[in-house]
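The structure under discussion appears below in the form of structure tokens.
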Amino acid sequence: LADEFVKQTIHNKKKMAASRWKRFAFFDRNNLTFQSEVMTDLIPTISNESGRLTLSFDEGDTVSMAVSTASLPMMTLNNADNKLGDRKRSEDESSSIEAMFKTLSACSSSPTHDGTLQLQSQAQSFINSKKSSDQVDGLVLVFCASQESDRVHCIDVTVRCHPISRSSPGDDSDPVSMPDDSLDGWRGYWTPFVKKPKEKPPNRIEDRIISDHLPSIGGDTVIDLAASRQGENLWVACLASTNLIVFVDPHLSLSCRLPLATNAAEECLSYRLATPWNTQQQQKCTCVDISSTGLIAAGTDKGSVHIFSPQKGYLRSIMAFSSPNANPNPIISINWSVSASKAALFCCHQSLRSTRTTGGGICCYELGDPINLSSTPLARHDLDSRPVLSGRLCDNGLLVARPDGIYTYSHTQKIAVSPIDGIKLAVCNIPTYQAVSTNHSDKSATTVAASSYALVASTDSKSGRDAVDIYDANNKLVAFHVLLSPSHKALQAAGIMVANRSSAIVLTSGGAIVTLTEKVTSEKVSLLTQKNLYGAAISMAYADPSYQPNDITSLYRRYAEHLYRKGSFSEAMDQYIYTIGALESSHVIFRYLDAPRIPMLVRYLEELRRRELATAVHNELLRTCYMKLGDDDAAERISAPSDDETSCLAVASLTHNPKEALAMVCSFEAPKAAEALVIYGAALARTLPRETAGVVVSLCLGTYSPSAMAAAAAQEASRILEYPINEQDRKCSLYPVHLFASAFLENPKMLRLILAHCNRNKCQLTPTLRRTLLELTLAEWNNAKRSGDTEAEKLRRKEAITALTDAHCSDIGDYNSLVLVQLAGFAEGELLLYERLQMIPMLLNRYAQDGGDRARRQMLAMCRNDPQILADVLGHFVSIASEKIGGDSTDGISDDGQSTNSQEEEILEDIRESLSMARSQGVLPPVRVARILAGEGTGQFSDSSMLDTNKRTVPLSVALDYVGDILDESRGKILTLQAEVEEYNALCNSMEEEVEALLSDQYDDQDTAKSKNQDELDIEDLYSRLQSSLEEGSNLENKTSQSREAFWRDMDQSDDRFETISRYFANGLIA
């Protein structure tokens, strides 16, 4: 007690580091609630004084949970009549399998109508066939049991745990619909330890109905569960205090019948104990686990361990050993740790509250080869002498929760502790993806984990509610935090990984399963960078194989920039080194030229040399840095510059004399000359732009020759731009133009000349350079147009049209080209692109602005192909005609020398043709055509804003033919309708006359019959009869009442009542 008090005091004084960790939302939460029957059967509850149902800590240990993935045989998906093994599936089994198949279909990435399912958690797709080995993997199942019940329940959480992409990559359409979470749910149950009935099963239908509705005889309750995948099959071990059974694929034989009943478990393959359990020798079982190799280990309440192996349908004991302690505590958790060559077994012993015994805490047994175990443990390692309070506080034996933190163990020792304060209720390890990292120096490969997730359920000190936290010990942060509902307590927790995505599952006392699924890496990286936790963001991004290397390099750069702004220059340089090869070296060098930062710059330059990315300038700068630091030996160790470096240094020494420098460049071979121009081209182009451009073009066209360039002298190199190149003139390899384009950014005219010359000679240009060529050409066209240089304007116009129509116009992009021509005001180019992009409204506006005969012909041709635009075309024609008519010149001659009257007649003739087209196509109603001709707009309804005095209209004579034809057609229709109406009226009149005639004959017959009946009826006689019958009835009633009184009086006074009744009956007074 004193030791515990001292530890608690130290713990209260020292703030735990985990309490200062930043919280994030790296997981998505989702709840799944059980049915009321399942909750009542599964969750143990007690009632307190207030009448509320609560759950104590110890009673939470009565619930066990196991989580595993599972597969579904394709043969079970055909129909309910198919056989599974040698039996037929029942109705409730078919419904549970159908429900599981729906969840798989919702998580599949390909249609299932052809029998194929493609899941993101599968490495391959399984095709529907008759082979029983064909499986559809991807199910995530939770098995729950309680010591208060004899059933094991199965809950499907596939949709919640399965990673689904929210949108199709690279698709701008609607995002991919997410699967419905309601597809998950309770799938059914089975009774592992059901007792077999001795009598034969009923054969008659009546007996079957009675046996189905009568309660069956249950078996032992389930103490612990364990699940493991054995290839395509799922093995589930069910442990009772004196029994152990392993079931193979029990999810295929579930019963989902409600209310709950005891069902037989012989329907699926199972392994049972070969010999009955001996309680006196073997004690009572407390926990169980299954290894990946099929070994089953069971712990007992006396600290002993029993290991079984499935053989020929039975579980046969292959090893049993006891704890060496004198008074061993019960084993509450047992877990396998199996590798390719070594098998180990972790055992956690429980502490007894009544006695402070030291019966063993956490230990590990080494068992040797997992295929061929030794008869006895090879070694035992006591990892911690302190016992564990509950089985919920340890997971896989490697993770144990104590009041002072979370402890992590290896096979031989305790390796780490995370200082997480608070009283823990449940803990579990969440598996994460292990990335493979390759060391380029020694070619060794190691596994790197982006995160180390541990889920801890505890009681929140402020609210008193249970809280669930997921800690990331690697990155020192809280990956998720959530408070459970006030009526929910954390009972069990487990972790699982599906398709490289981690998930945690928490079972609560409120009858719900809380699933926490890890978000995608991009979302987690975004959350981390918002709080400047770039180290954790880089770790997570690097461990995700789908994360692009360029994005990781960008994170390194952002991290370096953040550290540089904070003044941590040395740490920033560490991150800048990771950007070598992706970030321009000058960006980093420029920031570290100050004297105090030279040692950091030396590190960067040395790394460039080690990766063989350093140039002569980098080597010279490194040598200078060494000399400033006084390290002459290091400066001397830098190798002498090569011939290429010497050439570049020679050019650098002549930059003050550009002509001599350019002449020296022309004396180099093509590779040296290209390297020199890449480095010093901008300096030479400032003073000798045309000569430098000539050398650049010769390199790009492959005509460069040192002897020819030296003989012609540098001044005549510019003549190369004026002559076409023949294939026979090529003397060197072609160099891409983009290497030298940056040298002429300050001289756009020369850059356009170089690009145009290279384009004419079919040199390879990047899309960016082609857009640059078009933009520069349009700029020069605009300048020539403003200055009145007609010759240059025509030449640049031709070049622009060629750039918009040649075979490489798709490299520029139609929309990018449209932006460029619109900014330059190049109307011809706009019209060309409108036609190519089929922008009908803009194309019509452009034709209307032109207003020429060719433009109007094009508009009419478009109407023939698309009648829907006829209204817009007719409106444009009316506007053009009104402008021409309203703007007639006094001399009747237009600017182009054509008679204005002839232009008006041509426009009006086009309007007549469009009206004729409207009448033949029948798309526009005549009323709308009339509004358009009247200048009221082209819409379907009148526009009030158009009601002004200056309407754009046309003379009425234009529409006379159209209106006449419409009126003639309408008159013909009216006459036809009038004739039909008259005919119909005559027909109705004749029918009315016939109806009236028939009605008149009927009324005559009725009147005759009525008069005949009136002659035969005597009203007075009928009335006298009625009066007499009423008088007789009243007299009879009085007589009856008097006889009744006399009858009862005689009955009271008579000695023989039978004689009295006979007398009254004979006189007719009793009916």
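All residue names refer to the structure tokens as shown: chains lettered A, B, ... in order, residues numbered from 1 in each chain, ligands numbered from 1 in order.
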Which residues are close to region 497-506 of chain A, i.e. within 9 Å by only C-alpha atoms, leaving aside same-chain residues fewer than 2 positions away? Reply as a count of residues only. 41
I'd like the neighbourhood of region 97-103 of chain A as number ranges by chain, where a residue qualifies if any of its atoms comes within 7 Å (using only C-alpha atoms), though same-chain residues fewer than 2 positions away should be ignored. A: 93-95, 105-107, 158-159, 183-184, 252
Just list as a list in words whatever in region 223-362 of chain A DSSP marks as helix (DSSP H, G or I). Pro250, His251, Leu252, Thr279, Gln280, Gln281 and Gln282 of chain A
List the spatial neighbours of Arg770 (chain A) as an MDAnalysis selection string - criterion: any atom at most 12 Å away, only C-alpha atoms, same-chain residues fewer than 4 positions off excluded. chainID A and resid 737:738 741 751:752 754:756 758:759 763:766 774:777 800 802:804 806:813 816:817
Interatomic distance, CA of Pro328 (chain A) to CA of Val388 (chain A) (Å, one decimal):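 We find that CA of Pro328 (chain A) and CA of Val388 (chain A) lie 12.8 Å from each other.
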Any idea what's packed within 8 Å of Phe34 (chain A), counting only C-alpha atoms, ignoring anything in its chain fewer than 6 positions away? Could you give it as a PyMOL selection string? chain A and resi 185-186+511-512
Rounded to one decimal, what separation in Å do you get between CA of Ile43 (chain A) and CA of Val152 (chain A)?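 We find that CA of Ile43 (chain A) and CA of Val152 (chain A) lie 12.1 Å from each other.
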Write out as an mmCIF file with all heavy atoms, in the first residue's frame the residues lying within 8 Å of Asp249 (chain A), counting only C-alpha atoms and excluding same-chain residues fewer than 6 positions away.
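part31.cif written:
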data_model
loop_
_atom_site.group_PDB
_atom_site.id
_atom_site.type_symbol
_atom_site.label_atom_id
_atom_site.label_comp_id
_atom_site.auth_asym_id
_atom_site.auth_seq_id
_atom_site.Cartn_x
_atom_site.Cartn_y
_atom_site.Cartn_z
ATOM 1 N N ALA A 70 -13.561 -12.485 -42.624
ATOM 2 C CA ALA A 70 -14.120 -13.776 -43.037
ATOM 3 C C ALA A 70 -14.409 -13.722 -44.522
ATOM 4 O O ALA A 70 -14.450 -12.650 -45.136
ATOM 5 C CB ALA A 70 -15.381 -14.116 -42.240
ATOM 6 N N ASN A 233 -10.628 -20.126 -44.406
ATOM 7 C CA ASN A 233 -11.609 -20.448 -43.376
ATOM 8 C C ASN A 233 -11.404 -19.583 -42.145
ATOM 9 O O ASN A 233 -10.306 -19.110 -41.859
ATOM 10 C CB ASN A 233 -11.505 -21.921 -42.975
ATOM 11 C CG ASN A 233 -11.738 -22.853 -44.150
ATOM 12 O OD1 ASN A 233 -10.840 -23.564 -44.557
ATOM 13 N ND2 ASN A 233 -12.942 -22.855 -44.695
ATOM 14 N N LEU A 234 -12.498 -19.403 -41.429
ATOM 15 C CA LEU A 234 -12.492 -18.675 -40.161
ATOM 16 C C LEU A 234 -12.714 -19.674 -39.032
ATOM 17 O O LEU A 234 -13.697 -20.412 -39.035
ATOM 18 C CB LEU A 234 -13.600 -17.608 -40.155
ATOM 19 C CG LEU A 234 -13.891 -16.939 -38.808
ATOM 20 C CD1 LEU A 234 -12.664 -16.167 -38.328
ATOM 21 C CD2 LEU A 234 -15.101 -16.039 -38.903
ATOM 22 N N TRP A 235 -11.798 -19.672 -38.067
ATOM 23 C CA TRP A 235 -11.902 -20.546 -36.900
ATOM 24 C C TRP A 235 -12.275 -19.694 -35.703
ATOM 25 O O TRP A 235 -11.646 -18.667 -35.443
ATOM 26 C CB TRP A 235 -10.585 -21.267 -36.635
ATOM 27 C CG TRP A 235 -10.292 -22.376 -37.612
ATOM 28 C CD1 TRP A 235 -10.788 -22.512 -38.858
ATOM 29 C CD2 TRP A 235 -9.413 -23.489 -37.401
ATOM 30 N NE1 TRP A 235 -10.300 -23.635 -39.460
ATOM 31 C CE2 TRP A 235 -9.446 -24.261 -38.586
ATOM 32 C CE3 TRP A 235 -8.621 -23.908 -36.351
ATOM 33 C CZ2 TRP A 235 -8.711 -25.427 -38.736
ATOM 34 C CZ3 TRP A 235 -7.881 -25.074 -36.489
ATOM 35 C CH2 TRP A 235 -7.926 -25.832 -37.668
ATOM 36 N N VAL A 236 -13.283 -20.150 -34.977
ATOM 37 C CA VAL A 236 -13.745 -19.473 -33.767
ATOM 38 C C VAL A 236 -13.719 -20.481 -32.634
ATOM 39 O O VAL A 236 -14.377 -21.529 -32.702
ATOM 40 C CB VAL A 236 -15.157 -18.884 -33.945
ATOM 41 C CG1 VAL A 236 -15.615 -18.216 -32.656
ATOM 42 C CG2 VAL A 236 -15.188 -17.886 -35.094
ATOM 43 N N CYS A 268 -22.109 -26.969 -38.766
ATOM 44 C CA CYS A 268 -20.842 -26.593 -39.371
ATOM 45 C C CYS A 268 -19.735 -27.470 -38.794
ATOM 46 O O CYS A 268 -19.893 -28.104 -37.752
ATOM 47 C CB CYS A 268 -20.528 -25.120 -39.131
ATOM 48 S SG CYS A 268 -20.250 -24.702 -37.394
ATOM 49 N N LEU A 269 -18.607 -27.491 -39.495
ATOM 50 C CA LEU A 269 -17.486 -28.302 -39.051
ATOM 51 C C LEU A 269 -16.962 -27.783 -37.721
ATOM 52 O O LEU A 269 -16.816 -26.581 -37.519
ATOM 53 C CB LEU A 269 -16.377 -28.252 -40.103
ATOM 54 C CG LEU A 269 -15.100 -29.023 -39.783
ATOM 55 C CD1 LEU A 269 -15.383 -30.512 -39.650
ATOM 56 C CD2 LEU A 269 -14.046 -28.775 -40.854
#
Selection near Tyr834 (chain A), 12 Å with only C-alpha atoms, sequence-local residues under 3 positions removed, as a PyMOL selection string: chain A and resi 814-815+817-819+821-822+827-831+837-847
File of the preceding selection, C-alpha atoms, as a tab-separated table (two decimals), in the first residue's frame:
chain	number	residue	atom	x	y	z
A	814	ASP	CA	-8.72	25.00	-77.29
A	815	TYR	CA	-9.82	26.83	-74.15
A	817	SER	CA	-6.16	29.36	-77.08
A	818	LEU	CA	-9.56	31.01	-76.76
A	819	VAL	CA	-8.41	32.98	-73.72
A	821	VAL	CA	-7.17	35.29	-78.74
A	822	GLN	CA	-9.86	37.03	-76.68
A	827	ALA	CA	-11.64	38.08	-84.02
A	828	GLU	CA	-10.74	35.59	-86.73
A	829	GLY	CA	-9.20	33.29	-84.16
A	830	GLU	CA	-12.23	33.62	-81.90
A	831	LEU	CA	-14.52	32.62	-84.76
A	837	LEU	CA	-15.82	24.17	-79.65
A	838	GLN	CA	-19.41	24.40	-80.95
A	839	MET	CA	-20.19	27.49	-78.85
A	840	ILE	CA	-23.41	28.29	-80.72
A	841	PRO	CA	-24.51	31.49	-78.90
A	842	MET	CA	-21.06	33.08	-79.10
A	843	LEU	CA	-20.69	31.97	-82.72
A	844	LEU	CA	-24.00	33.57	-83.66
A	845	ASN	CA	-23.02	36.82	-81.91
A	846	ARG	CA	-19.75	36.85	-83.82
A	847	TYR	CA	-21.54	36.26	-87.15
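Reported to one decimal place, the separation of CA of Arg316 (chain A) from CA of Gln230 (chain A) is 18.1 Å.
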Leaving out region 701-707 of chain A and any residue of its chain fewer than 5 positions from it, which residues lie within 8 Å of it when counting only C-alpha atoms, given as a list in words?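 Once the adjacent positions are removed, what remains is Cys666, Ser667, Phe668, Glu669, Ala670, Val695, Ile725, Asp729, Arg730, Lys731, Cys732, Ser733, Leu734, Tyr735, Cys758, Asn761 and Cys763 of chain A.
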